[in-house]
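Structure data follow from data20.pdb (PDB, C-alpha atoms):
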```
ATOM      1  CA  MET A  26     143.845 121.149  55.856
ATOM      2  CA  PRO A  27     145.788 123.933  57.583
ATOM      3  CA  GLN A  28     147.402 126.627  55.476
ATOM      4  CA  THR A  29     151.090 126.307  56.365
ATOM      5  CA  LYS A  30     152.809 127.783  53.322
ATOM      6  CA  HIS A  31     153.917 130.911  55.131
ATOM      7  CA  LEU A  32     155.511 128.895  57.931
ATOM      8  CA  LEU A  33     157.599 126.576  55.768
ATOM      9  CA  THR A  34     160.260 126.997  53.113
ATOM     10  CA  GLU A  35     159.259 126.852  49.476
ATOM     11  CA  PRO A  36     159.991 123.675  47.482
ATOM     12  CA  GLN A  37     163.492 123.269  46.079
ATOM     13  CA  ALA A  38     163.681 122.483  42.367
ATOM     14  CA  LEU A  39     165.157 119.108  41.429
ATOM     15  CA  ARG A  40     168.536 119.528  39.740
ATOM     16  CA  ALA A  41     170.778 116.783  38.399
ATOM     17  CA  ASP A  42     173.814 118.000  40.333
ATOM     18  CA  HIS A  43     171.897 117.850  43.628
ATOM     19  CA  LEU A  44     170.336 114.408  43.157
ATOM     20  CA  ALA A  45     171.664 111.308  44.893
ATOM     21  CA  ARG A  46     173.651 108.818  42.826
ATOM     22  CA  LEU A  47     173.850 105.071  42.934
ATOM     23  CA  PRO A  48     177.442 103.959  43.568
ATOM     24  CA  ALA A  49     179.462 102.352  40.790
ATOM     25  CA  ARG A  50     179.426  98.562  40.907
ATOM     26  CA  ASP A  51     182.384  96.419  41.799
ATOM     27  CA  PRO A  52     183.611  94.193  38.933
ATOM     28  CA  ALA A  53     182.704  91.144  41.064
ATOM     29  CA  ALA A  54     179.170  92.359  41.791
ATOM     30  CA  HIS A  55     176.317  89.844  41.757
ATOM     31  CA  LYS A  56     172.537  90.116  41.576
ATOM     32  CA  GLY A  57     172.034  89.421  45.257
ATOM     33  CA  GLN A  58     173.623  92.759  46.135
ATOM     34  CA  PHE A  59     171.040  94.934  44.403
ATOM     35  CA  GLY A  60     167.789  94.025  46.046
ATOM     36  CA  HIS A  61     164.709  91.981  45.235
ATOM     37  CA  VAL A  62     161.664  93.976  44.151
ATOM     38  CA  LEU A  63     158.276  92.299  44.393
ATOM     39  CA  LEU A  64     155.505  93.958  42.397
ATOM     40  CA  VAL A  65     151.909  93.141  43.295
ATOM     41  CA  GLY A  66     148.893  94.017  41.168
ATOM     42  CA  GLY A  67     147.140  93.463  37.886
ATOM     43  CA  ASP A  68     143.582  92.324  38.552
ATOM     44  CA  ARG A  69     141.530  91.138  35.600
ATOM     45  CA  GLY A  70     141.709  93.629  32.764
ATOM     46  CA  PHE A  71     144.692  95.486  34.228
ATOM     47  CA  GLY A  72     147.619  93.120  33.795
ATOM     48  CA  GLY A  73     149.581  95.642  31.743
ATOM     49  CA  SER A  74     149.863  98.109  34.616
ATOM     50  CA  ILE A  75     151.897  95.930  36.933
ATOM     51  CA  THR A  76     153.920  94.515  34.030
ATOM     52  CA  LEU A  77     155.018  98.045  33.130
ATOM     53  CA  SER A  78     156.099  98.563  36.744
ATOM     54  CA  ALA A  79     158.087  95.326  36.678
ATOM     55  CA  GLN A  80     159.789  96.244  33.421
ATOM     56  CA  ALA A  81     160.781  99.637  34.837
ATOM     57  CA  ALA A  82     162.182  98.069  38.019
ATOM     58  CA  LEU A  83     164.221  95.604  35.964
ATOM     59  CA  ARG A  84     165.636  98.288  33.676
ATOM     60  CA  CYS A  85     166.624 100.528  36.587
ATOM     61  CA  GLY A  86     168.972  97.967  38.062
ATOM     62  CA  ALA A  87     167.137  95.883  40.659
ATOM     63  CA  GLY A  88     169.053  92.638  41.140
ATOM     64  CA  LEU A  89     165.947  90.462  41.226
ATOM     65  CA  VAL A  90     162.387  91.280  40.200
ATOM     66  CA  SER A  91     159.289  89.226  41.004
ATOM     67  CA  LEU A  92     155.749  89.864  39.813
ATOM     68  CA  ALA A  93     152.611  88.599  41.565
ATOM     69  CA  THR A  94     149.491  88.948  39.456
ATOM     70  CA  ARG A  95     146.376  87.125  38.309
ATOM     71  CA  PRO A  96     147.217  83.656  36.903
ATOM     72  CA  GLU A  97     145.749  84.552  33.506
ATOM     73  CA  HIS A  98     148.281  87.370  33.113
ATOM     74  CA  VAL A  99     151.335  85.164  33.600
ATOM     75  CA  PRO A 100     151.819  84.100  29.935
ATOM     76  CA  ALA A 101     151.745  87.690  28.663
ATOM     77  CA  ALA A 102     154.136  88.854  31.388
ATOM     78  CA  LEU A 103     156.593  86.064  30.570
ATOM     79  CA  VAL A 104     156.591  87.103  26.920
ATOM     80  CA  ARG A 105     157.044  90.796  27.757
ATOM     81  CA  VAL A 106     159.635  90.443  30.536
ATOM     82  CA  PRO A 107     161.031  86.881  30.676
ATOM     83  CA  GLU A 108     163.707  88.056  33.121
ATOM     84  CA  VAL A 109     161.044  88.725  35.777
ATOM     85  CA  MET A 110     159.974  85.861  38.043
ATOM     86  CA  THR A 111     156.227  85.875  37.472
ATOM     87  CA  LEU A 112     153.838  84.198  39.881
ATOM     88  CA  GLY A 113     150.120  83.720  39.379
ATOM     89  CA  VAL A 114     148.278  84.236  42.660
ATOM     90  CA  SER A 115     144.615  83.665  43.383
ATOM     91  CA  SER A 116     144.813  84.352  47.125
ATOM     92  CA  ALA A 117     147.017  86.146  49.641
ATOM     93  CA  ASN A 118     148.347  82.835  50.965
ATOM     94  CA  GLN A 119     150.130  82.263  47.678
ATOM     95  CA  LEU A 120     151.924  85.580  48.098
ATOM     96  CA  MET A 121     153.616  84.765  51.401
ATOM     97  CA  GLY A 122     156.587  82.786  50.087
ATOM     98  CA  VAL A 123     157.819  85.408  47.639
ATOM     99  CA  LEU A 124     156.959  88.221  50.051
ATOM    100  CA  ALA A 125     159.370  86.701  52.581
ATOM    101  CA  GLN A 126     162.179  86.844  49.994
ATOM    102  CA  ALA A 127     161.638  90.438  48.842
ATOM    103  CA  SER A 128     163.527  93.495  50.044
ATOM    104  CA  VAL A 129     161.088  96.043  48.545
ATOM    105  CA  VAL A 130     157.414  95.797  47.584
ATOM    106  CA  VAL A 131     155.614  97.849  44.927
ATOM    107  CA  VAL A 132     151.860  97.435  45.268
ATOM    108  CA  GLY A 133     148.881  99.020  43.568
ATOM    109  CA  PRO A 134     149.196  99.261  39.768
ATOM    110  CA  GLY A 135     146.139  97.531  38.345
ATOM    111  CA  LEU A 136     145.353  96.090  41.779
ATOM    112  CA  GLY A 137     141.668  96.953  41.723
ATOM    113  CA  GLN A 138     139.481  97.350  44.780
ATOM    114  CA  ALA A 139     137.761  93.953  44.731
ATOM    115  CA  PRO A 140     138.398  91.239  47.367
ATOM    116  CA  TRP A 141     141.412  89.883  45.435
ATOM    117  CA  GLY A 142     143.238  93.211  45.551
ATOM    118  CA  ARG A 143     142.235  93.944  49.132
ATOM    119  CA  SER A 144     143.589  90.613  50.354
ATOM    120  CA  LEU A 145     146.925  91.030  48.578
ATOM    121  CA  LEU A 146     147.305  94.573  49.888
ATOM    122  CA  SER A 147     146.611  93.391  53.424
ATOM    123  CA  ALA A 148     149.315  90.737  53.108
ATOM    124  CA  ALA A 149     151.836  93.186  51.645
ATOM    125  CA  ALA A 150     151.157  95.722  54.396
ATOM    126  CA  GLN A 151     152.342  93.233  57.022
ATOM    127  CA  ALA A 152     155.823  92.999  55.502
ATOM    128  CA  LYS A 153     158.260  95.216  57.395
ATOM    129  CA  ILE A 154     160.253  96.261  54.339
ATOM    130  CA  PRO A 155     160.193  99.493  52.298
ATOM    131  CA  GLN A 156     157.166  99.724  50.040
ATOM    132  CA  VAL A 157     155.851 101.866  47.199
ATOM    133  CA  TRP A 158     152.075 102.310  47.293
ATOM    134  CA  ASP A 159     150.442 103.536  44.121
ATOM    135  CA  ALA A 160     147.075 103.666  42.360
ATOM    136  CA  ASP A 161     144.433 101.373  43.884
ATOM    137  CA  ALA A 162     146.610 100.654  46.913
ATOM    138  CA  LEU A 163     146.038 104.313  47.797
ATOM    139  CA  ASN A 164     142.317 104.134  47.125
ATOM    140  CA  LEU A 165     142.094 101.153  49.462
ATOM    141  CA  LEU A 166     144.291 102.917  52.023
ATOM    142  CA  SER A 167     141.843 105.833  52.117
ATOM    143  CA  ASN A 168     139.216 103.478  53.555
ATOM    144  CA  ALA A 169     141.441 101.573  55.980
ATOM    145  CA  VAL A 170     143.668 102.043  59.001
ATOM    146  CA  ILE A 171     147.047 100.673  57.951
ATOM    147  CA  ALA A 172     150.515 101.542  59.208
ATOM    148  CA  LEU A 173     152.990 101.582  56.335
ATOM    149  CA  ALA A 174     156.479 100.199  56.839
ATOM    150  CA  THR A 175     159.379 102.516  57.629
ATOM    151  CA  GLY A 176     161.118 103.785  54.507
ATOM    152  CA  SER A 177     158.027 103.624  52.315
ATOM    153  CA  VAL A 178     156.757 105.976  49.590
ATOM    154  CA  ILE A 179     153.222 106.840  48.487
ATOM    155  CA  THR A 180     152.614 108.256  45.007
ATOM    156  CA  PRO A 181     149.129 109.809  44.807
ATOM    157  CA  HIS A 182     147.763 111.948  42.018
ATOM    158  CA  PRO A 183     145.576 114.859  43.233
ATOM    159  CA  GLY A 184     142.362 112.818  43.293
ATOM    160  CA  GLU A 185     143.955 110.057  45.343
ATOM    161  CA  ALA A 186     145.531 112.638  47.663
ATOM    162  CA  ALA A 187     142.104 114.191  48.207
ATOM    163  CA  ARG A 188     140.605 110.829  49.186
ATOM    164  CA  LEU A 189     143.486 110.100  51.563
ATOM    165  CA  LEU A 190     143.053 113.478  53.268
ATOM    166  CA  GLY A 191     139.249 113.572  53.196
ATOM    167  CA  ILE A 192     139.142 116.831  51.242
ATOM    168  CA  THR A 193     138.378 117.824  47.650
ATOM    169  CA  THR A 194     140.730 117.657  44.693
ATOM    170  CA  ALA A 195     140.318 121.409  44.323
ATOM    171  CA  GLN A 196     141.594 121.888  47.875
ATOM    172  CA  VAL A 197     144.623 119.735  47.147
ATOM    173  CA  GLN A 198     145.431 121.710  44.022
ATOM    174  CA  ALA A 199     144.896 125.038  45.782
ATOM    175  CA  ASP A 200     147.849 124.312  48.108
ATOM    176  CA  ARG A 201     149.827 121.341  46.866
ATOM    177  CA  PRO A 202     152.771 121.787  49.282
ATOM    178  CA  ALA A 203     150.413 121.737  52.262
ATOM    179  CA  ALA A 204     148.666 118.639  50.910
ATOM    180  CA  ALA A 205     151.938 116.784  50.385
ATOM    181  CA  ARG A 206     153.117 117.637  53.881
ATOM    182  CA  ALA A 207     149.772 116.661  55.379
ATOM    183  CA  LEU A 208     150.093 113.219  53.778
ATOM    184  CA  VAL A 209     153.606 112.815  55.206
ATOM    185  CA  LYS A 210     152.310 113.729  58.638
ATOM    186  CA  LYS A 211     149.330 111.386  58.391
ATOM    187  CA  TYR A 212     151.169 108.304  57.124
ATOM    188  CA  SER A 213     154.797 108.877  58.210
ATOM    189  CA  VAL A 214     156.127 108.107  54.733
ATOM    190  CA  VAL A 215     157.640 110.050  51.850
ATOM    191  CA  CYS A 216     154.958 111.461  49.565
ATOM    192  CA  VAL A 217     155.200 112.005  45.810
ATOM    193  CA  LEU A 218     152.266 114.234  44.872
ATOM    194  CA  LYS A 219     152.037 113.794  41.121
ATOM    195  CA  GLY A 220     150.849 116.295  38.539
ATOM    196  CA  ALA A 221     152.314 119.338  36.828
ATOM    197  CA  GLY A 222     155.099 120.322  39.189
ATOM    198  CA  THR A 223     155.310 116.984  41.015
ATOM    199  CA  LEU A 224     156.210 117.462  44.681
ATOM    200  CA  ILE A 225     158.311 115.158  46.858
ATOM    201  CA  ALA A 226     157.837 115.648  50.596
ATOM    202  CA  GLY A 227     160.116 114.046  53.177
ATOM    203  CA  LEU A 228     159.642 113.213  56.829
ATOM    204  CA  ASP A 229     162.209 115.821  57.874
ATOM    205  CA  GLY A 230     160.296 118.687  56.272
ATOM    206  CA  LYS A 231     162.202 118.649  52.980
ATOM    207  CA  LEU A 232     160.122 119.519  49.945
ATOM    208  CA  ALA A 233     161.280 119.254  46.345
ATOM    209  CA  ILE A 234     159.536 120.141  43.108
ATOM    210  CA  CYS A 235     160.080 118.812  39.600
ATOM    211  CA  ASN A 236     159.808 121.454  36.909
ATOM    212  CA  HIS A 237     160.431 119.038  34.040
ATOM    213  CA  GLY A 238     157.922 117.120  31.929
ATOM    214  CA  HIS A 239     155.905 117.353  28.718
ATOM    215  CA  PRO A 240     152.182 117.506  27.844
ATOM    216  CA  ALA A 241     152.572 114.272  25.829
ATOM    217  CA  MET A 242     152.964 112.520  29.201
ATOM    218  CA  ALA A 243     149.210 112.887  29.760
ATOM    219  CA  THR A 244     148.561 109.233  29.011
ATOM    220  CA  ALA A 245     147.909 105.967  30.842
ATOM    221  CA  GLY A 246     150.660 103.935  32.481
ATOM    222  CA  LEU A 247     153.128 106.699  33.299
ATOM    223  CA  GLY A 248     152.524 106.317  37.033
ATOM    224  CA  ASP A 249     153.064 102.568  36.813
ATOM    225  CA  VAL A 250     156.503 103.171  35.334
ATOM    226  CA  LEU A 251     157.370 105.707  38.053
ATOM    227  CA  ALA A 252     156.400 103.262  40.815
ATOM    228  CA  GLY A 253     158.735 100.628  39.374
ATOM    229  CA  VAL A 254     161.628 103.085  39.132
ATOM    230  CA  ILE A 255     161.219 104.116  42.769
ATOM    231  CA  GLY A 256     161.104 100.466  43.805
ATOM    232  CA  ALA A 257     164.350  99.675  41.972
ATOM    233  CA  LEU A 258     166.204 102.609  43.530
ATOM    234  CA  LEU A 259     164.995 101.647  47.019
ATOM    235  CA  ALA A 260     166.167  98.082  46.412
ATOM    236  CA  GLN A 261     169.646  99.357  45.570
ATOM    237  CA  GLY A 262     169.956 101.119  48.908
ATOM    238  CA  MET A 263     168.724 104.659  48.375
ATOM    239  CA  SER A 264     166.720 106.372  51.089
ATOM    240  CA  ALA A 265     163.023 106.859  50.398
ATOM    241  CA  PHE A 266     163.371 110.610  49.797
ATOM    242  CA  ASP A 267     166.445 110.299  47.581
ATOM    243  CA  ALA A 268     164.896 107.450  45.583
ATOM    244  CA  ALA A 269     161.680 109.392  45.074
ATOM    245  CA  CYS A 270     163.492 112.546  43.973
ATOM    246  CA  LEU A 271     165.769 110.759  41.518
ATOM    247  CA  ALA A 272     162.931 108.638  40.119
ATOM    248  CA  VAL A 273     160.688 111.647  39.552
ATOM    249  CA  TRP A 274     163.504 113.535  37.813
ATOM    250  CA  LEU A 275     164.428 110.585  35.584
ATOM    251  CA  HIS A 276     160.769 110.000  34.711
ATOM    252  CA  ALA A 277     160.115 113.650  33.846
ATOM    253  CA  ARG A 278     163.312 114.110  31.847
ATOM    254  CA  ALA A 279     162.593 110.929  29.872
ATOM    255  CA  GLY A 280     159.119 112.284  29.214
ATOM    256  CA  GLU A 281     160.619 115.510  27.894
ATOM    257  CA  GLN A 282     162.865 113.580  25.531
ATOM    258  CA  GLN A 283     160.163 111.296  24.208
ATOM    259  CA  GLY A 284     157.581 114.066  24.169
ATOM    260  CA  GLN A 285     159.550 115.845  21.465
ATOM    261  CA  LEU A 286     158.032 113.321  19.069
ATOM    262  CA  GLY A 287     154.583 114.681  19.948
ATOM    263  CA  ARG A 288     151.319 112.932  20.709
ATOM    264  CA  GLY A 289     151.090 109.174  21.028
ATOM    265  CA  LEU A 290     153.660 108.709  23.777
ATOM    266  CA  ALA A 291     153.345 105.252  25.333
ATOM    267  CA  ALA A 292     154.413 104.618  28.907
ATOM    268  CA  SER A 293     156.822 101.900  27.783
ATOM    269  CA  ASP A 294     158.617 104.487  25.598
ATOM    270  CA  LEU A 295     159.984 106.049  28.770
ATOM    271  CA  ILE A 296     161.730 102.943  30.088
ATOM    272  CA  PRO A 297     164.770 102.833  27.751
ATOM    273  CA  ALA A 298     165.122 106.602  28.057
ATOM    274  CA  ILE A 299     165.084 106.347  31.859
ATOM    275  CA  ARG A 300     167.723 103.625  31.738
ATOM    276  CA  GLN A 301     169.991 105.817  29.605
ATOM    277  CA  LEU A 302     169.489 108.876  31.817
ATOM    278  CA  LEU A 303     170.238 106.835  34.939
ATOM    279  CA  GLU A 304     173.482 105.582  33.414
ATOM    280  CA  GLU A 305     174.499 109.123  32.456
ATOM    281  CA  HIS A 306     173.711 110.334  35.962
ATOM    282  CA  ALA A 307     175.405 107.452  37.800
ATOM    283  CA  PRO A 308     177.569 105.196  35.595
ATOM    284  CA  CYS A 309     177.442 101.504  36.448
ATOM    285  CA  THR A 310     181.252 101.208  36.408
ATOM    286  CA  LYS A 311     184.036 103.630  37.292
TER     287      LYS A 311
END
```
Could the structure of this file be written out as structure tokens, please?
Amino acid sequence: MPQTKHLLTEPQALRADHLARLPARDPAAHKGQFGHVLLVGGDRGFGGSITLSAQAALRCGAGLVSLATRPEHVPAALVRVPEVMTLGVSSANQLMGVLAQASVVVVGPGLGQAPWGRSLLSAAAQAKIPQVWDADALNLLSNAVIALATGSVITPHPGEAARLLGITTAQVQADRPAAARALVKKYSVVCVLKGAGTLIAGLDGKLAICNHGHPAMATAGLGDVLAGVIGALLAQGMSAFDAACLAVWLHARAGEQQGQLGRGLAASDLIPAIRQLLEEHAPCTK
């Protein structure tokens, strides 16, 4: 990976007053105006991951939310988020109908790398709508040649970034801005390079850094929540870079708030805090 730090501007810190805002909603607004997020994932043993993503997308204002997961996870998902249209899928063919109705796809949380996950990822990749690729979608991408749709976002942690670039995690961490920009160049999508000081790299060379967060956020499921937030903001019309920046800031600030309670933070604890922060940042009504 080339060392380009000296040739490019340093990352700009995310600040609330510089972040994009969702517009206030008209009193006659209806659900069809705020996008349809389809979330795909949750192989056996990992149904909670994609359910967390769906809950986050719902709570961040997506008009419609659908969840495609293993059939055995449907009852639990319906109990947890009855507002989400949950579909049990055993093959990619069963995904096609709902995929045709979606405006944004979030794929990867709990997806696994077995044939079931690979087939669903292949089907999702063919949809020409903005997508958020996370977790195992990125691990599968590292071993495939796939062109992601325009307006998409990838959200690797350092290990996933290393696999995507064919380098070591230590090399990624040694120059995180260069790694983020290399991923943008390779895949032509916005990149969210997670970790302490999460970076958001855009296709136009923009680079932002998030200096918020809390050590209590070092727990499972946080990335699943972030993926759902990004998906919801994309569905409501934000650009990929703006959606990624706002989602990362909301996620980190919510983590700071909840982290004040100390250890034992659960990923689902962030979702109501994110909803409140989003409303404070961009009120739903004038």
Using only C-alpha atoms, which protein or nucleic acid residues come within 9 Å of Gln283 (chain A)? Drop anything in the same chain fewer than 3 positions from it, and give the result as a list in words. His239, Ala241, Met242, Arg278, Ala279, Gly280, Leu286, Gly287, Leu290, Asp294, Leu295 and Ala298 of chain A
Report, in Å to a single decimal, how far apart CA of Gln196 (chain A) and CA of His237 (chain A) are.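 CA of Gln196 (chain A) lies at a distance of 23.5 Å from CA of His237 (chain A).
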Please determine, counting all atoms listed in the file, which residue among A:Leu64, A:Ile171, A:Val109, A:Cys216 has the shortest atom-to-atom distance to Pro202 (chain A).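 Comparing A:Leu64, A:Ile171, A:Val109, A:Cys216 against Pro202 (chain A), the winner is A:Cys216.
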For the contact check between region 109-140 of chain A and region 75-95 of chain A, emit one row per residue of region 109-140 of chain A within 8 Å, containing the shortest atom pair and the distance in Å rounded to one decimal, counting all atoms listed in the file, chain then rising number order, as CSV.
```
residue,atom,partner,partner_atom,distance
A:Val109,CA,A:Val90,CA,5.3
A:Met110,CA,A:Ser91,CA,4.5
A:Thr111,CA,A:Leu92,CA,4.6
A:Leu112,CA,A:Ala93,CA,4.9
A:Gly113,CA,A:Arg95,CA,5.2
A:Val114,CA,A:Arg95,CA,5.6
A:Ser115,CA,A:Arg95,CA,6.4
A:Leu120,CA,A:Ala93,CA,7.2
A:Val123,CA,A:Ser91,CA,7.8
A:Gly133,CA,A:Ile75,CA,7.9
A:Pro134,CA,A:Ile75,CA,5.1
A:Gly135,CA,A:Ile75,CA,6.1
```
Just how far from CA of Asn118 (chain A) is CA of Leu103 (chain A), in Å to one decimal?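 It comes out at 22.2 Å.
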Kindly assemble as a tab-separated table a list of the region 36-129 of chain A residues that lie within 12 Å of region 218-223 of chain A, each paired with its nearest atom pair and their distance in Å to one decimal, using only C-alpha atoms, sorted first by chain and then by ascending residue number.
```
residue	atom	partner	partner_atom	distance
A:Pro36	CA	A:Gly222	CA	10.2
A:Gln37	CA	A:Gly222	CA	11.3
A:Ala38	CA	A:Gly222	CA	9.4
A:Leu39	CA	A:Thr223	CA	10.1
```
Test item: the PyMOL selection byres ((chain A and resi 264) around 12) resolved as a VMD selection string: chain A and resid 44 to 47 155 to 156 175 to 178 214 to 215 227 to 228 255 to 263 265 to 272
Give as a tab-separated table (two decimals) with C-alpha atoms, in the coordinates of the input the residues that the PyMOL selection byres ((chain A and resi 153) around 12) matches when applied to the coordinates above.
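File selection.tsv, as written:
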```tsv
chain	number	residue	atom	x	y	z
A	124	LEU	CA	156.96	88.22	50.05
A	125	ALA	CA	159.37	86.70	52.58
A	126	GLN	CA	162.18	86.84	49.99
A	127	ALA	CA	161.64	90.44	48.84
A	128	SER	CA	163.53	93.50	50.04
A	129	VAL	CA	161.09	96.04	48.54
A	130	VAL	CA	157.41	95.80	47.58
A	148	ALA	CA	149.32	90.74	53.11
A	149	ALA	CA	151.84	93.19	51.64
A	150	ALA	CA	151.16	95.72	54.40
A	151	GLN	CA	152.34	93.23	57.02
A	152	ALA	CA	155.82	93.00	55.50
A	154	ILE	CA	160.25	96.26	54.34
A	155	PRO	CA	160.19	99.49	52.30
A	156	GLN	CA	157.17	99.72	50.04
A	172	ALA	CA	150.51	101.54	59.21
A	173	LEU	CA	152.99	101.58	56.34
A	174	ALA	CA	156.48	100.20	56.84
A	175	THR	CA	159.38	102.52	57.63
A	176	GLY	CA	161.12	103.78	54.51
A	177	SER	CA	158.03	103.62	52.32
```
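Restricting the calculation to all atoms listed in the file, the smallest distance between Arg206 (chain A) and any of A:Pro183, A:Gly248, A:Gly191, A:Gly230 is found for A:Gly230.
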Distance criterion (only C-alpha atoms): nearest to Asp159 (chain A) out of A:Ser147, A:Ser74, A:Asn236, A:Thr194: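 Between A:Ser147, A:Ser74, A:Asn236, A:Thr194, the residue approaching Asp159 (chain A) most closely is A:Ser74.
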Tell me, in Å to one decimal, how far CA of Leu136 (chain A) is from CA of Gly72 (chain A).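 Separating CA of Leu136 (chain A) from CA of Gly72 (chain A) is a distance of 8.8 Å.
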What are the centre and edge lengths in Å, to one decimal, of the axis-aligned box around all listed atoms of region 236-242 of chain A with 8 Å added on each side, as JSON?
```
{"center_x": 156.3, "center_y": 117.0, "center_z": 31.4, "size_x": 24.2, "size_y": 24.9, "size_z": 27.1}
```
Quick one: residues within 9 Å of His98 (chain A), all atoms listed in the file counted, chain neighbours fewer than 6 positions away excluded, as a PyMOL selection string? chain A and resi 67-69+71-73+113
Once you have the residues from the selection above, write them out as a CSV table (one decimal), in the coordinates of the input, restricted to C-alpha atoms.
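Saved file out_6.csv follows:
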```
chain,number,residue,atom,x,y,z
A,67,GLY,CA,147.1,93.5,37.9
A,68,ASP,CA,143.6,92.3,38.6
A,69,ARG,CA,141.5,91.1,35.6
A,71,PHE,CA,144.7,95.5,34.2
A,72,GLY,CA,147.6,93.1,33.8
A,73,GLY,CA,149.6,95.6,31.7
A,113,GLY,CA,150.1,83.7,39.4
```
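Proximity of A:Ala252, A:Ala187, A:Thr310, A:Ala243 to Ile296 (chain A), computed with all atoms listed in the file, is greatest for A:Ala252.
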Which residue of A:Glu108, A:Asp161, A:Asp249, A:Glu304 approaches Ala292 (chain A) most closely, using all atoms listed in the file: A:Asp249
Nearest-residue call for Ala162 (chain A), choices A:Val197, A:Leu63, A:Ala101, A:Ile179, using all atoms listed in the file: A:Ile179
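Near (177.9, 96.5, 41.7), the residues inside the 10 Å limit, counting all atoms listed in the file, come to Leu47, Pro48, Ala49, Arg50, Asp51, Pro52, Ala53, Ala54, His55, Lys56, Gly57, Gln58, Phe59, Gly86, Gly88, Gln261, Cys309 and Thr310 of chain A.
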